[in-house]
>>> print(open('final-v8.txt').read())   # compact mmCIF, C-alpha atoms
# COMPACT_ATOMS: atom_id res chain seq x y z
CA GLU G 1 44.50 2.88 29.59
CA ARG G 2 42.02 0.87 31.71
CA LYS G 3 39.74 3.92 31.95
CA LYS G 4 39.87 4.50 28.16
CA MET G 5 39.04 0.87 27.43
CA ARG G 6 36.08 0.91 29.85
CA THR G 7 34.75 4.02 28.11
CA SER G 8 35.01 2.31 24.72
CA CYS G 9 33.07 -0.71 25.92
CA GLY G 10 30.43 1.57 27.42
CA SER G 11 29.82 3.27 24.08
CA GLY G 12 29.63 -0.12 22.39
CA ARG G 13 27.02 -1.21 24.89
CA LYS G 14 24.91 1.86 24.07
CA ASP G 15 25.17 1.16 20.34
CA SER G 16 24.09 -2.44 20.79
CA ARG G 17 20.84 -1.33 22.40
CA SER G 18 19.95 0.77 19.35
CA MET G 19 20.31 -2.17 16.94
CA LEU G 20 17.75 -4.85 16.10
CA LEU G 21 19.60 -7.96 17.32
CA ASN G 22 18.54 -11.56 17.47
CA PRO G 23 18.75 -13.29 20.89
CA ILE G 24 21.86 -15.35 20.06
CA LEU G 25 23.87 -12.30 19.00
CA LEU G 26 22.67 -10.37 22.02
CA ARG G 27 23.88 -13.13 24.37
CA SER G 28 27.23 -13.22 22.56
CA LEU G 29 27.65 -9.49 22.95
CA ARG G 30 26.81 -9.64 26.65
CA SER G 31 29.25 -12.51 27.24
CA THR G 32 32.02 -10.62 25.47
CA ARG G 33 31.23 -7.46 27.43
CA GLN G 34 31.38 -9.37 30.72
CA ALA G 35 34.69 -10.94 29.74
CA THR G 36 36.27 -7.61 28.83
CA GLY G 37 34.78 -6.00 31.96
CA SER G 38 36.43 -8.60 34.20
CA LEU G 39 39.80 -7.87 32.59
CA PHE G 40 39.55 -4.24 33.61
CA THR G 41 38.37 -4.85 37.22
CA THR G 42 40.70 -7.70 38.30
CA LYS G 43 43.57 -6.21 40.30
CA HIS G 44 46.14 -8.90 39.57
CA SER G 45 45.36 -9.44 35.90
CA THR G 46 48.45 -10.30 33.88
CA MET G 47 46.65 -10.06 30.55
CA SER G 48 48.92 -8.32 28.07
CA LEU G 49 47.91 -5.18 26.26
CA ARG G 50 47.91 -7.18 23.02
CA LYS G 51 45.25 -9.56 24.39
CA LEU G 52 43.20 -6.61 25.62
CA LYS G 53 43.26 -5.14 22.14
CA THR G 54 42.22 -8.54 20.75
CA MET G 55 39.17 -8.60 23.03
CA LYS G 56 38.32 -5.05 22.04
CA THR G 57 38.54 -6.02 18.36
CA MET G 58 36.22 -9.00 19.02
CA TRP G 59 33.67 -6.74 20.73
CA PHE G 60 33.51 -4.25 17.89
CA GLY G 61 33.60 -7.03 15.32
CA LEU G 62 30.47 -8.57 16.83
CA ALA G 63 28.80 -5.19 16.99
CA THR G 64 29.59 -4.54 13.32
CA TYR G 65 28.23 -7.96 12.34
CA ALA G 66 25.06 -7.32 14.32
CA ALA G 67 24.55 -4.00 12.57
CA ALA G 68 24.99 -5.66 9.16
CA LEU G 69 22.50 -8.36 10.13
CA SER G 70 20.02 -5.72 11.22
CA ILE G 71 20.35 -3.85 7.92
CA SER G 72 20.04 -7.00 5.79
CA THR G 73 16.98 -8.12 7.76
CA SER G 74 15.38 -4.73 7.26
CA THR G 75 16.12 -4.89 3.53
CA ARG G 76 14.49 -8.29 3.24
CA ALA G 77 11.42 -7.13 5.11
CA TYR G 78 10.97 -3.91 3.17
CA GLY G 79 12.52 -4.65 -0.21
CA ALA G 80 11.47 -3.28 -3.56
CA GLY G 81 8.98 -6.07 -4.29
CA HIS G 82 5.30 -5.99 -3.40
CA ASP G 83 3.04 -8.82 -2.28
CA TYR G 84 -0.63 -8.32 -3.19
CA SER G 85 -1.63 -11.94 -2.56
CA ALA G 86 -3.80 -11.07 0.45
CA VAL G 87 -6.24 -9.01 -1.66
CA PHE G 88 -7.94 -12.05 -3.20
CA ASN G 89 -6.68 -14.78 -0.82
CA LYS G 90 -9.57 -16.54 0.91
CA ASP G 91 -7.30 -17.41 3.85
CA ARG G 92 -6.55 -13.78 4.70
CA ASP G 93 -9.08 -13.87 7.58
CA THR G 94 -7.99 -17.18 9.07
CA GLY G 95 -7.98 -15.59 12.53
CA ILE G 96 -11.72 -14.91 12.22
CA LYS G 97 -13.90 -18.02 12.23
CA PHE G 98 -16.93 -16.79 10.32
CA ASP G 99 -18.62 -20.20 10.53
CA ASP G 100 -18.69 -19.79 14.31
CA LEU G 101 -19.95 -16.19 14.13
CA PRO G 102 -23.16 -16.18 12.09
CA GLY G 103 -23.97 -12.73 10.79
CA PHE G 104 -20.57 -11.24 11.66
CA THR G 105 -18.77 -8.89 9.24
CA ARG G 106 -16.30 -6.05 9.54
CA SER G 107 -18.08 -4.21 6.71
CA ALA G 108 -19.91 -1.00 7.57
CA PHE G 109 -21.95 1.57 5.67
CA GLU G 110 -22.55 5.14 6.79
CA ARG G 111 -24.00 8.23 5.14
CA ASP G 112 -20.55 9.53 4.14
CA HIS G 113 -18.34 6.43 3.97
CA ALA G 114 -18.29 2.66 3.65
CA LEU G 115 -15.89 -0.14 4.54
CA ILE G 116 -16.31 -3.25 2.38
CA THR G 117 -14.32 -6.24 3.62
CA PRO G 118 -13.66 -9.47 1.66
CA GLU G 119 -16.21 -11.64 3.49
CA SER G 120 -18.93 -9.26 2.22
CA ARG G 121 -18.03 -9.36 -1.47
CA VAL G 122 -20.78 -10.57 -3.77
CA TRP G 123 -19.52 -11.97 -7.07
CA SER G 124 -21.61 -11.92 -10.23
CA GLY G 125 -21.45 -11.25 -13.95
CA THR G 126 -21.28 -7.82 -15.60
CA PRO G 127 -22.11 -6.91 -19.23
CA GLY G 128 -19.03 -6.99 -21.42
CA TRP G 129 -17.20 -9.53 -19.26
CA SER G 130 -17.13 -13.22 -20.22
CA GLY G 131 -15.45 -16.02 -18.31
CA SER G 132 -15.03 -13.58 -15.43
CA SER G 133 -16.56 -12.72 -12.06
CA THR G 134 -16.98 -9.17 -10.78
CA ALA G 135 -17.58 -7.73 -7.31
CA HIS G 136 -18.74 -4.11 -7.19
CA LEU G 137 -17.48 -2.16 -4.17
CA VAL G 138 -18.41 1.45 -4.99
CA THR G 139 -21.22 2.56 -7.34
CA PRO G 140 -23.51 5.50 -8.10
CA ALA G 141 -26.47 3.42 -6.91
CA PHE G 142 -28.58 4.78 -4.06
CA PRO G 143 -27.87 5.28 -1.18
CA MET G 144 -24.11 5.46 -1.86
CA GLY G 145 -24.44 7.78 -4.85
CA ALA G 146 -20.73 7.87 -5.72
CA GLU G 147 -19.63 9.67 -8.88
CA PHE G 148 -17.62 6.64 -10.01
CA THR G 149 -17.66 2.85 -10.00
CA MET G 150 -15.00 0.64 -8.42
CA TYR G 151 -15.02 -3.14 -8.75
CA LEU G 152 -12.85 -6.24 -8.63
CA VAL G 153 -12.52 -8.78 -11.45
CA THR G 154 -11.33 -12.38 -11.39
CA MET G 155 -10.73 -13.78 -14.89
CA GLN G 156 -10.82 -17.53 -15.48
CA PRO G 157 -9.28 -19.36 -18.47
CA GLY G 158 -10.82 -17.89 -21.61
CA GLY G 159 -11.85 -14.74 -19.77
CA ALA G 160 -12.37 -11.66 -21.92
CA PHE G 161 -13.81 -8.14 -21.98
CA GLN G 162 -15.14 -6.10 -24.93
CA SER G 163 -15.90 -2.41 -24.52
CA ASP G 164 -19.10 -0.88 -25.96
CA VAL G 165 -18.36 2.71 -26.95
CA LYS G 166 -21.71 3.11 -28.71
CA ALA G 167 -23.68 2.38 -25.57
CA HIS G 168 -21.26 4.30 -23.31
CA PRO G 169 -19.51 6.97 -25.41
CA GLU G 170 -18.36 9.05 -22.41
CA LEU G 171 -17.19 6.21 -20.18
CA GLU G 172 -13.53 6.21 -19.16
CA ARG G 173 -11.89 3.19 -17.54
CA PHE G 174 -8.74 2.62 -15.42
CA VAL G 175 -7.50 -0.97 -14.96
CA PHE G 176 -4.87 -2.01 -12.39
CA VAL G 177 -3.44 -5.55 -12.40
CA ILE G 178 -3.16 -7.07 -8.92
CA GLU G 179 -2.23 -10.61 -9.98
CA GLY G 180 -1.60 -12.54 -13.22
CA GLU G 181 -1.20 -11.23 -16.76
CA LEU G 182 -3.61 -9.25 -18.90
CA ASP G 183 -3.51 -8.91 -22.71
CA VAL G 184 -4.87 -5.59 -23.95
CA GLU G 185 -5.67 -4.58 -27.54
CA GLY G 186 -6.88 -1.25 -28.91
CA ALA G 187 -6.11 1.49 -31.42
CA ASP G 188 -2.59 1.85 -29.97
CA GLY G 189 -1.77 -1.82 -30.56
CA LYS G 190 -1.30 -4.75 -28.21
CA LEU G 191 0.39 -4.95 -24.85
CA THR G 192 0.67 -7.36 -21.94
CA LEU G 193 0.29 -6.12 -18.39
CA LYS G 194 1.56 -7.80 -15.23
CA SER G 195 1.14 -7.18 -11.51
CA ASP G 196 1.57 -3.48 -10.65
CA ASP G 197 0.88 -2.42 -14.27
CA PHE G 198 -2.07 -0.29 -15.29
CA VAL G 199 -3.87 1.04 -18.35
CA PHE G 200 -6.26 3.97 -18.86
CA PHE G 201 -8.86 3.98 -21.64
CA PRO G 202 -10.24 7.46 -22.47
CA PRO G 203 -13.89 7.96 -23.49
CA GLY G 204 -14.75 6.59 -26.94
CA TYR G 205 -11.70 4.30 -27.00
CA SER G 206 -12.66 0.79 -28.18
CA HIS G 207 -10.62 -1.97 -26.52
CA GLN G 208 -10.50 -5.65 -25.63
CA MET G 209 -8.90 -7.47 -22.70
CA LYS G 210 -8.12 -11.17 -22.36
CA SER G 211 -6.64 -13.35 -19.62
CA GLY G 212 -6.89 -16.74 -17.98
CA ASN G 213 -5.69 -15.74 -14.53
CA ALA G 214 -5.78 -11.95 -14.04
CA LYS G 215 -7.13 -10.34 -10.89
CA LEU G 216 -7.95 -6.67 -11.35
CA VAL G 217 -9.31 -3.58 -9.69
CA ILE G 218 -11.16 -1.26 -12.07
CA TYR G 219 -12.35 2.34 -11.80
CA GLU G 220 -14.94 3.78 -14.21
CA ARG G 221 -16.74 7.09 -14.51
CA GLN G 222 -18.51 9.32 -17.02
CA HIS G 223 -16.05 11.83 -18.39
CA VAL G 224 -16.73 15.49 -17.64
CA ALA G 225 -16.25 17.09 -21.06
CA THR G 226 -13.67 19.79 -21.77
CA ASP G 227 -12.27 21.28 -24.96
CA THR G 228 -9.82 18.37 -25.18
CA VAL G 229 -10.05 14.71 -24.15
CA PRO G 230 -7.53 12.61 -22.21
CA ALA G 231 -5.25 10.22 -24.07
CA PHE G 232 -4.68 6.48 -23.81
CA HIS G 233 -2.13 5.83 -21.09
CA HIS G 234 -0.37 2.82 -19.59
CA GLY G 235 2.59 2.10 -17.36
CA SER G 236 3.77 0.58 -14.08
CA THR G 237 3.85 2.02 -10.59
CA SER G 238 7.59 1.31 -10.36
CA GLN G 239 8.14 3.67 -13.30
CA LYS G 240 6.30 6.55 -11.67
CA PRO G 241 8.44 9.06 -9.75
CA LEU G 242 7.97 9.80 -6.09
CA LEU G 243 6.21 13.13 -5.73
CA PRO G 244 6.75 15.77 -3.03
CA VAL G 245 4.32 15.61 -0.10
CA PRO G 246 5.01 18.75 1.99
CA GLY G 247 4.54 18.11 5.68
CA GLU G 248 3.96 14.36 5.15
CA ILE G 249 6.25 11.32 5.32
CA PHE G 250 4.41 8.73 3.19
CA LYS G 251 5.45 8.00 -0.42
CA LEU G 252 3.17 9.15 -3.24
CA ARG G 253 2.97 8.22 -6.91
CA LYS G 254 0.32 9.27 -9.42
CA CYS G 255 -0.55 7.01 -12.34
CA LEU G 256 -2.09 9.59 -14.71
CA PRO G 257 -0.80 12.93 -15.97
CA GLU G 258 -1.69 15.96 -13.88
CA GLU G 259 -3.41 17.77 -16.73
CA GLN G 260 -6.85 19.32 -17.04
CA GLU G 261 -7.99 16.75 -19.61
CA TYR G 262 -8.00 14.13 -16.86
CA ASP G 263 -10.93 14.52 -14.47
CA PHE G 264 -9.59 11.93 -12.04
CA ASN G 265 -6.28 10.44 -10.99
CA ILE G 266 -5.15 7.24 -9.31
CA HIS G 267 -2.72 7.55 -6.41
CA ILE G 268 -0.41 4.85 -5.09
CA MET G 269 0.49 5.57 -1.45
CA ASP G 270 3.09 3.73 0.67
CA PHE G 271 3.46 3.85 4.46
CA GLU G 272 6.13 2.15 6.55
CA PRO G 273 4.90 0.74 9.90
CA GLY G 274 4.26 3.63 12.27
CA GLU G 275 3.85 6.25 9.54
CA PHE G 276 0.58 8.13 9.25
CA LEU G 277 -1.18 10.99 7.52
CA TYR G 278 -0.25 14.27 9.19
CA VAL G 279 -3.23 16.15 7.78
CA LYS G 280 -6.67 15.04 8.96
CA GLU G 281 -8.25 15.66 5.57
CA VAL G 282 -11.70 17.13 4.92
CA HIS G 283 -12.35 18.04 1.26
CA TYR G 284 -14.90 17.83 -1.53
CA ASN G 285 -13.06 15.12 -3.47
CA GLN G 286 -14.42 11.58 -3.41
CA HIS G 287 -12.23 8.53 -2.87
CA GLY G 288 -12.32 4.84 -3.68
CA LEU G 289 -9.53 2.97 -1.87
CA LEU G 290 -8.28 -0.62 -1.97
CA LEU G 291 -5.65 -1.67 0.56
CA LEU G 292 -3.10 -3.74 -1.38
CA GLU G 293 -0.62 -4.52 1.41
CA GLY G 294 -0.30 -4.21 5.15
CA GLN G 295 -2.69 -3.13 7.86
CA GLY G 296 -3.55 -0.13 9.97
CA ILE G 297 -6.25 2.11 11.37
CA TYR G 298 -8.50 4.27 9.19
CA ARG G 299 -10.53 7.10 10.69
CA LEU G 300 -13.69 7.93 8.76
CA GLY G 301 -15.95 10.55 10.31
CA ASP G 302 -16.08 9.70 14.01
CA LYS G 303 -15.41 5.98 13.40
CA TRP G 304 -12.05 4.20 13.75
CA TYR G 305 -11.68 1.03 11.67
CA PRO G 306 -8.92 -1.62 11.82
CA VAL G 307 -8.16 -2.40 8.16
CA GLN G 308 -5.93 -4.82 6.27
CA ALA G 309 -5.04 -5.85 2.73
CA GLY G 310 -8.15 -6.60 0.68
CA ASP G 311 -10.37 -4.05 2.44
CA ALA G 312 -12.05 -1.39 0.28
CA ILE G 313 -13.21 2.06 1.41
CA TRP G 314 -15.52 4.65 -0.12
CA MET G 315 -15.18 8.25 1.10
CA ALA G 316 -17.84 10.83 0.27
CA PRO G 317 -17.13 14.57 0.05
CA PHE G 318 -16.14 16.24 3.33
CA VAL G 319 -15.88 13.10 5.44
CA PRO G 320 -12.97 13.51 7.94
CA GLN G 321 -10.33 10.96 7.04
CA TRP G 322 -6.98 9.78 8.42
CA TYR G 323 -4.76 6.68 8.16
CA GLY G 324 -2.01 5.21 10.35
CA ALA G 325 0.02 2.13 9.34
CA LEU G 326 0.51 -0.66 11.89
CA GLY G 327 2.05 -4.13 11.88
CA LYS G 328 5.46 -5.29 10.68
CA LYS G 329 5.27 -4.61 6.95
CA ARG G 330 4.56 -1.58 4.85
CA SER G 331 1.10 -0.53 3.81
CA ARG G 332 0.22 0.28 0.22
CA TYR G 333 -3.11 1.37 -1.12
CA ILE G 334 -4.52 2.47 -4.45
CA LEU G 335 -6.82 5.49 -4.33
CA TYR G 336 -9.23 7.16 -6.76
CA LYS G 337 -9.49 10.96 -6.56
CA ASP G 338 -11.47 13.30 -8.82
CA THR G 339 -9.39 16.23 -10.10
CA TYR G 340 -9.54 19.40 -12.23
CA ARG G 341 -13.30 19.73 -12.01
CA ALA G 342 -15.44 22.14 -10.01
CA PRO G 343 -17.35 20.52 -7.12
CA GLY G 344 -20.63 19.03 -8.27
CA THR G 345 -19.75 18.77 -12.00
CA TYR G 346 -20.18 15.01 -12.29
>>> encode(input="final-v8.txt", output="structure tokens")
Amino acid sequence: ERKKMRTSCGSGRKDSRSMLLNPILLRSLRSTRQATGSLFTTKHSTMSLRKLKTMKTMWFGLATYAAALSISTSTRAYGAGHDYSAVFNKDRDTGIKFDDLPGFTRSAFERDHALITPESRVWSGTPGWSGSSTAHLVTPAFPMGAEFTMYLVTMQPGGAFQSDVKAHPELERFVFVIEGELDVEGADGKLTLKSDDFVFFPPGYSHQMKSGNAKLVIYERQHVATDTVPAFHHGSTSQKPLLPVPGEIFKLRKCLPEEQEYDFNIHIMDFEPGEFLYVKEVHYNQHGLLLLEGQGIYRLGDKWYPVQAGDAIWMAPFVPQWYGALGKKRSRYILYKDTYRAPGTY
């Protein structure tokens, strides 16, 4: 019986090492293990079998509690909610004292990619937007020459936007709400969007947007004509199903229908700490990425960049690209990708 009990405690000790325990619980488990171990090794112990069973029950009770604590802690850390506050938060770089480092920035521009970090954003006005500030991150302007535009918007009280379909009849626009609420009105009626919601306006679709506190990321491009045109679309990332990613372990959602009318799509990609892209991608598609949560390492060409929430990346065709998530919380990024069009038809 002594041999069986020692074997049971040994397996419990192995299990405890595999759990995420706090220091107090770990000390309690060790103390209990030492107490039970002394019962088995003392020659003249008069402890009854009933008391031995009681100690055994205490050991496994503590182990069970520790496992439950580990699971609940993990659930709190990686729950269903998302925190995008670091995207626009001015304190996100508190560890970097820019006042003491004149001229320093993490931003970088290369022939086939760019990293635009928050300290490099330049805010200004843009036609159509009132009571709002915009910061363009990706544009067709030389030398970047992207096929699309990606920019951030901060709307103050009374902020509004009015589209101009006469001046830009082929322009299509995708709006993703990072913070606040956004009121949208168009031919399909009115709706209110909140954080994690999005709306797509097809070419020729007149619309208005109003808000006093919304923070947005917006993608625009000239539609590549086909026999049919895409339709107005809106939704929330939480409503989009997880899609298969053969050979990969990250989670993927797509905001727009996978149909030939749509010449681009917006991907939402989630990585738990330690997860990474298996494929080191090289392709003709262009990307515009905004890291919404977390941190990690992004390889672009032969460069390796530490990145965190709020950083934006432009990827030109055929630039080698790879991402690995680091830190203690999940990474999430939103990504533009052109689709259903032959290379060069922009």
>>> residues_around(input="final-v8.txt", residues="Tyr278 (chain G)", least_positions_apart="5", cutoff="12 Å", atoms="all atoms listed in the file", output="PDB file with C-alpha atoms, keeping the file's coordinate frame")
ATOM      1  CA  VAL G 245       4.320  15.610  -0.100  1.00  0.00           C
ATOM      2  CA  PRO G 246       5.010  18.750   1.990  1.00  0.00           C
ATOM      3  CA  GLY G 247       4.540  18.110   5.680  1.00  0.00           C
ATOM      4  CA  GLU G 248       3.960  14.360   5.150  1.00  0.00           C
ATOM      5  CA  ILE G 249       6.250  11.320   5.320  1.00  0.00           C
ATOM      6  CA  PHE G 250       4.410   8.730   3.190  1.00  0.00           C
ATOM      7  CA  GLN G 321     -10.330  10.960   7.040  1.00  0.00           C
ATOM      8  CA  TRP G 322      -6.980   9.780   8.420  1.00  0.00           C
ATOM      9  CA  TYR G 323      -4.760   6.680   8.160  1.00  0.00           C
ATOM     10  CA  GLY G 324      -2.010   5.210  10.350  1.00  0.00           C
TER      11      GLY G 324
END
>>> residues_around(input="final-v8.txt", residues="region 124-133 of chain G", least_positions_apart="3", cutoff="10 Å", atoms="all atoms listed in the file", output="ChimeraX atom specification")
/G:121,136,152-164,208-215
>>> closest_residue(input="final-v8.txt", among="G:Glu147, G:Glu172, G:Glu281, G:Glu275", to="Lys329 (chain G)", atoms="all atoms listed in the file")
G:Glu275
>>> residues_around(input="final-v8.txt", residues="region 187-202 of chain G", least_positions_apart="2", cutoff="7 Å", atoms="only C-alpha atoms", output="list in words")
Glu172, Arg173, Phe174, Val175, Phe176, Val177, Ile178, Glu179, Gly180, Glu181, Leu182, Asp183, Val184, Glu185, Gly204, Tyr205, Pro230, Ala231, Phe232, His233, His234, Gly235, Ser236 and Thr237 of chain G
>>> closest_residue(input="final-v8.txt", among="G:Gln260, G:Ser331, G:Thr228, G:Gln239", to="Glu272 (chain G)", atoms="only C-alpha atoms")
G:Ser331
>>> closest_residue(input="final-v8.txt", among="G:His113, G:His287, G:Lys166, G:Arg106", to="Phe264 (chain G)", atoms="only C-alpha atoms")
G:His287
>>> residues_around(input="final-v8.txt", residues="Leu256 (chain G)", least_positions_apart="6", cutoff="8 Å", atoms="all atoms listed in the file", output="list of chain:residue names")
G:His233, G:Tyr262, G:Asn265, G:Ile266
>>> write_last_selection(input="final-v8.txt", atoms="C-alpha atoms", output="short mmCIF file (atom, residue, chain, number, x, y, z; two decimals), in the frame of the given file")
data_model
loop_
_atom_site.label_atom_id
_atom_site.label_comp_id
_atom_site.auth_asym_id
_atom_site.auth_seq_id
_atom_site.Cartn_x
_atom_site.Cartn_y
_atom_site.Cartn_z
CA HIS G 233 -2.13 5.83 -21.09
CA TYR G 262 -8.00 14.13 -16.86
CA ASN G 265 -6.28 10.44 -10.99
CA ILE G 266 -5.15 7.24 -9.31
#
>>> atom_distance(input="final-v8.txt", atom1="CA of Leu115 (chain G)", atom2="CA of Trp314 (chain G)")
6.7 Å
>>> atom_distance(input="final-v8.txt", atom1="CA of Leu243 (chain G)", atom2="CA of Ile297 (chain G)")
23.9 Å
